[in-house]
Amino acid sequence: MSTGFFGDIKSVTFEGSESTNPLAYRFYDPDEVVMGKRLEDHLRFAVAYWHSFAWPGGDPFGGQTFDRPWFGDTMELARLKADVAFEMFSLLGTPYFCFHDADVRPEGETLKESIARLDEIADYFGGKMETTGTKLLWGTANLFSHRRYMAGAATNPDPDVFAYAAATVKSCVDVTKRLGGENYVLWGGREGYETLLNTDMKREREQAGRFLSMVVDYAKKIGFDGTILIEPKPQEPTKHQYDYDVATVYGFLKDFGLEGEVKVNIEQGHAILAGHSFEHELALANALGIFGSIDMNRNDYQSGWDTDQFPNNVPEMALAYYQILLGGGFKTGGTNFDAKLRRQSLDPEDLLAAHVGGIDCCARGLKAAAKMIEEKALIEPLEKRYAGWEDSEAKAMLAGERTLDQISERVLSKGTEPQPRSGRQEWLENVVNRYV
Ligand code: XLS
Ligand code: NI
Ligand code: NI
């Protein structure tokens, strides 16, 4: 039985690039085979509960703009929210969803009550997942909205908050496992600080390391075989955050011996906030062996804020999926829209159009990326650029078979000077533009 929220809109289907139907896919045909794999299996789209169903449309100057029939804090409304959410997953044909505990159930008077409510709604999800075939990409805990977390969760100066957060994460890992979730995400919402005047950074990092180690141990203990993911973000809400970017997270994981246990969930907008490009973060995560999943919401390049907009820039997506495909594609990860509508986009159609456009943009980008790989458009020039390293003397230097003084001797006796060669950036940019 339909909730009627989306009126008589029928399911969104692939109509091809000539279609002018705003609620049709023009590039995303889930069954199209690209590089030997269906597009649906490459992209692994997930709809995020948070911004699409739980966010009221506020900004720092004004509150709620959206008027949703499920807003309120009863379990009945939580079920209505789930009904509409699963209706939308089915309309869109997206294979996955993801959620924070706080998105899906009203907070209880006590932790016990909050957990009981989460369990209850998880059962409700279970039934819907069964009938619709929707799967869980990841679960997570909201350790940042409630005022108890204003000074952080794992990094809070108060051990009681640390413990409360630990108990909360335990309940969310339990539910994620129960629903067959393929990943569990930790975004360090307020794991950072505003001022060193009241902060012991060394201690707080150690608290975060202990916390994460306990999560990893617990996941193993209960046989959760999904991937544990950290989502880097440089600032906002706190001025400084301990999980700044991929490089910082890798250093943190190494520090606590977790680099083989935890991977990263990279968000385009967070990469931009950190002063990087999205593809930089993806390439680095691949290089370090910690790539896991993506939150595919873009940032505005001027605002300096995490604007969480739906993606709509195909060339950018192409470069992002290029890195993802080069790394072998998603394993347990996927493409999640952690994005939110603009606060004036009030209508149910807006929610659908945002996802349809985002999905199409990603599909188009991935197809362009696949073509660049298949035709070795960038691979060949890159191989040429580094071809000198195929030389046996060059190999010996990297293999540790030469000392600094041996190399010096060879260079001096050879007496030739290295010849600079063009980096051909504009030439390569033009190559990319042929594909997008
Ligand atoms: C916020 C984060 C958050 C995580 C999940 O900026 O992107 O939505 O994805 O907690
Ligand atoms: Ni974000
Ligand atoms: Ni995110």
# chains A, B, ... in the order shown; residues from 1 in each chain; ligands from 1
>>> residues_near_ligand(ligand="ligand 3", cutoff="6 Å", atoms="only C-alpha atoms and all ligand atoms", output="list in words")
Glu267, Asp295 and Asp338 of chain A
>>> write_last_selection(atoms="N, CA, C and O atoms", output="mmCIF file, in the first residue's frame")
data_model
loop_
_atom_site.group_PDB
_atom_site.id
_atom_site.type_symbol
_atom_site.label_atom_id
_atom_site.label_comp_id
_atom_site.auth_asym_id
_atom_site.auth_seq_id
_atom_site.Cartn_x
_atom_site.Cartn_y
_atom_site.Cartn_z
ATOM 1 N N GLU A 267 34.380 11.417 0.943
ATOM 2 C CA GLU A 267 33.303 12.279 0.461
ATOM 3 C C GLU A 267 33.896 13.409 -0.383
ATOM 4 O O GLU A 267 34.848 14.067 0.035
ATOM 5 N N ASP A 295 31.076 8.837 -0.414
ATOM 6 C CA ASP A 295 29.877 9.650 -0.223
ATOM 7 C C ASP A 295 29.911 10.647 -1.357
ATOM 8 O O ASP A 295 30.769 11.531 -1.417
ATOM 9 N N ASP A 338 25.143 11.170 0.234
ATOM 10 C CA ASP A 338 24.993 11.754 1.566
ATOM 11 C C ASP A 338 24.538 13.204 1.374
ATOM 12 O O ASP A 338 24.812 14.085 2.177
#
>>> residues_near_ligand(ligand="ligand 2", cutoff="10 Å", atoms="only C-alpha atoms and all ligand atoms", output="list in words")
Trp187, Gly189, Glu231, Pro232, Lys233, Glu236, Ile266, Glu267, Gln268, Gly269, His270, Ala271, Leu273, Asp295, Met296, Asn297, Arg298, Asn299, Trp305, Asp306, Thr307, Asp308, Gln309, Phe337, Asp338, Ala339 and Lys340 of chain A
>>> write_last_selection(atoms="N, CA, C and O atoms", output="compact mmCIF listing (two decimals), in the first residue's frame")
# COMPACT_ATOMS: atom_id res chain seq x y z
N TRP A 187 32.10 8.42 11.22
CA TRP A 187 32.52 9.77 10.87
C TRP A 187 32.72 10.51 12.19
O TRP A 187 31.81 10.56 13.01
N GLY A 189 32.26 13.06 13.82
CA GLY A 189 31.50 14.31 13.80
C GLY A 189 32.09 15.44 14.63
O GLY A 189 32.34 16.53 14.12
N GLU A 231 35.36 8.11 7.83
CA GLU A 231 35.07 9.13 6.81
C GLU A 231 35.83 10.41 7.15
O GLU A 231 35.46 11.13 8.07
N PRO A 232 36.90 10.70 6.40
CA PRO A 232 37.71 11.89 6.73
C PRO A 232 36.95 13.19 6.47
O PRO A 232 36.15 13.28 5.55
N LYS A 233 37.24 14.17 7.30
CA LYS A 233 36.68 15.52 7.11
C LYS A 233 37.55 16.50 7.88
O LYS A 233 37.85 16.26 9.04
N GLU A 236 34.43 21.43 10.53
CA GLU A 236 32.98 21.53 10.48
C GLU A 236 32.36 20.20 10.87
O GLU A 236 32.40 19.27 10.09
N ILE A 266 35.27 8.08 1.41
CA ILE A 266 35.71 9.42 0.99
C ILE A 266 34.54 10.21 0.43
O ILE A 266 33.81 9.73 -0.44
N GLU A 267 34.38 11.42 0.94
CA GLU A 267 33.30 12.28 0.46
C GLU A 267 33.90 13.41 -0.38
O GLU A 267 34.85 14.07 0.03
N GLN A 268 33.32 13.63 -1.56
CA GLN A 268 33.85 14.66 -2.46
C GLN A 268 33.93 16.00 -1.75
O GLN A 268 34.94 16.68 -1.79
N GLY A 269 32.85 16.39 -1.07
CA GLY A 269 32.81 17.69 -0.41
C GLY A 269 33.88 17.83 0.66
O GLY A 269 34.46 18.91 0.85
N HIS A 270 34.14 16.74 1.37
CA HIS A 270 35.15 16.79 2.43
C HIS A 270 36.55 16.94 1.82
O HIS A 270 37.41 17.62 2.39
N ALA A 271 36.75 16.29 0.68
CA ALA A 271 38.04 16.43 -0.01
C ALA A 271 38.28 17.89 -0.37
O ALA A 271 39.37 18.44 -0.16
N LEU A 273 36.92 20.54 1.04
CA LEU A 273 37.15 21.31 2.27
C LEU A 273 38.60 21.18 2.75
O LEU A 273 39.14 22.09 3.35
N ASP A 295 31.08 8.84 -0.41
CA ASP A 295 29.88 9.65 -0.22
C ASP A 295 29.91 10.65 -1.36
O ASP A 295 30.77 11.53 -1.42
N MET A 296 28.94 10.49 -2.27
CA MET A 296 29.04 11.25 -3.51
C MET A 296 28.22 12.53 -3.45
O MET A 296 27.25 12.69 -4.17
N ASN A 297 28.62 13.42 -2.54
CA ASN A 297 27.99 14.73 -2.56
C ASN A 297 29.06 15.77 -2.74
O ASN A 297 30.08 15.74 -2.07
N ARG A 298 28.79 16.70 -3.63
CA ARG A 298 29.81 17.68 -3.95
C ARG A 298 29.67 18.91 -3.05
O ARG A 298 28.60 19.18 -2.51
N ASN A 299 30.73 19.65 -2.99
CA ASN A 299 30.69 20.93 -2.30
C ASN A 299 30.68 22.07 -3.29
O ASN A 299 31.19 21.95 -4.40
N TRP A 305 32.18 25.65 2.91
CA TRP A 305 31.27 24.97 3.83
C TRP A 305 30.91 23.64 3.23
O TRP A 305 30.99 23.47 2.01
N ASP A 306 30.52 22.67 4.05
CA ASP A 306 30.14 21.35 3.55
C ASP A 306 28.70 21.43 3.04
O ASP A 306 27.76 21.16 3.79
N THR A 307 28.52 21.84 1.79
CA THR A 307 27.16 22.10 1.30
C THR A 307 26.41 20.85 0.88
O THR A 307 25.21 20.90 0.64
N ASP A 308 27.12 19.72 0.76
CA ASP A 308 26.45 18.43 0.52
C ASP A 308 25.44 18.46 -0.62
O ASP A 308 24.30 18.05 -0.47
N GLN A 309 25.87 18.97 -1.77
CA GLN A 309 24.94 19.02 -2.91
C GLN A 309 25.02 17.75 -3.74
O GLN A 309 26.04 17.05 -3.73
N PHE A 337 24.71 8.67 -1.76
CA PHE A 337 24.37 10.10 -1.78
C PHE A 337 24.12 10.56 -0.36
O PHE A 337 23.04 10.36 0.18
N ASP A 338 25.14 11.17 0.23
CA ASP A 338 24.99 11.75 1.57
C ASP A 338 24.54 13.20 1.37
O ASP A 338 24.81 14.08 2.18
N ALA A 339 23.89 13.45 0.25
CA ALA A 339 23.61 14.81 -0.21
C ALA A 339 22.25 15.31 0.27
O ALA A 339 21.37 14.53 0.62
N LYS A 340 22.13 16.62 0.29
CA LYS A 340 20.82 17.18 0.66
C LYS A 340 20.32 18.15 -0.40
O LYS A 340 21.09 18.83 -1.09
>>> closest_residue(among="A:Asp101, A:Glu426, A:Asp350, A:Glu374", to="Trp50 (chain A)", atoms="only C-alpha atoms")
A:Asp101
>>> atom_distance(atom1="CA of Arg421 (chain A)", atom2="CA of Gly388 (chain A)")
11.9 Å
>>> atom_distance(atom1="CA of Pro157 (chain A)", atom2="CA of Asn142 (chain A)")
18.5 Å
>>> atom_distance(atom1="CA of Pro315 (chain A)", atom2="CA of Arg434 (chain A)")
10.5 Å
>>> closest_residue(among="A:Pro348, A:Arg190, A:Asp360, A:Leu212", to="Ile9 (chain A)", atoms="only C-alpha atoms")
A:Pro348
>>> residues_around(residues="Val173 (chain A)", least_positions_apart="2", cutoff="12 Å", atoms="only C-alpha atoms", output="ChimeraX atom specification")
/A:99-101,115,118-119,138-141,166-171,175-186,214-228
>>> select_by_dssp(residues="region 118-317 of chain A", states="helix (DSSP H, G or I)", output="PyMOL selection string")
chain A and resi 118-132+147-149+159-178+196-198+201-221+246-255+268-273+278-288+314-317
>>> select_by_dssp(residues="region 288-393 of chain A", states="strand (DSSP E)", output="list in words")
Phe291, Gly292, Ser293, Ile294, Asp295, Thr335, Asn336 and Phe337 of chain A
>>> write_last_selection(atoms="C-alpha atoms", output="PDB file, in the first residue's frame")
ATOM      1  CA  PHE A 291      40.051   2.698  -0.258  1.00  0.00           C
ATOM      2  CA  GLY A 292      36.584   1.599   0.819  1.00  0.00           C
ATOM      3  CA  SER A 293      33.562   3.592  -0.305  1.00  0.00           C
ATOM      4  CA  ILE A 294      32.381   7.061  -1.364  1.00  0.00           C
ATOM      5  CA  ASP A 295      29.877   9.650  -0.223  1.00  0.00           C
ATOM      6  CA  THR A 335      28.261   5.230  -4.201  1.00  0.00           C
ATOM      7  CA  ASN A 336      26.228   6.800  -1.457  1.00  0.00           C
ATOM      8  CA  PHE A 337      24.374  10.100  -1.782  1.00  0.00           C
TER       9      PHE A 337
END
>>> closest_residue(among="A:Ser345, A:Gln406, A:Ser413, A:Thr131", to="Asp83 (chain A)", atoms="only C-alpha atoms")
A:Thr131
>>> closest_residue(among="A:Leu282, A:Leu196, A:Ile359, A:Val264", to="Asp29 (chain A)", atoms="only C-alpha atoms")
A:Ile359
>>> closest_residue(among="A:Pro106, A:Leu143, A:Leu39, A:Pro60", to="Gly72 (chain A)", atoms="only C-alpha atoms")
A:Pro106
>>> residues_around(residues="region 11-15 of chain A", least_positions_apart="6", cutoff="12 Å", atoms="only C-alpha atoms", output="list in words")
Asn21, Pro22, Leu23, Ala24, Tyr25, Arg26, Phe27, Tyr28, Asp29, Pro30, Asp31, Glu32, Glu87, Met88, Phe89, Ser90, Leu91, Leu92, Gly93, Thr94, Glu349, Leu352, Ala353, His355, Val356, Gly357, Ile359, Asp360 and Ala363 of chain A
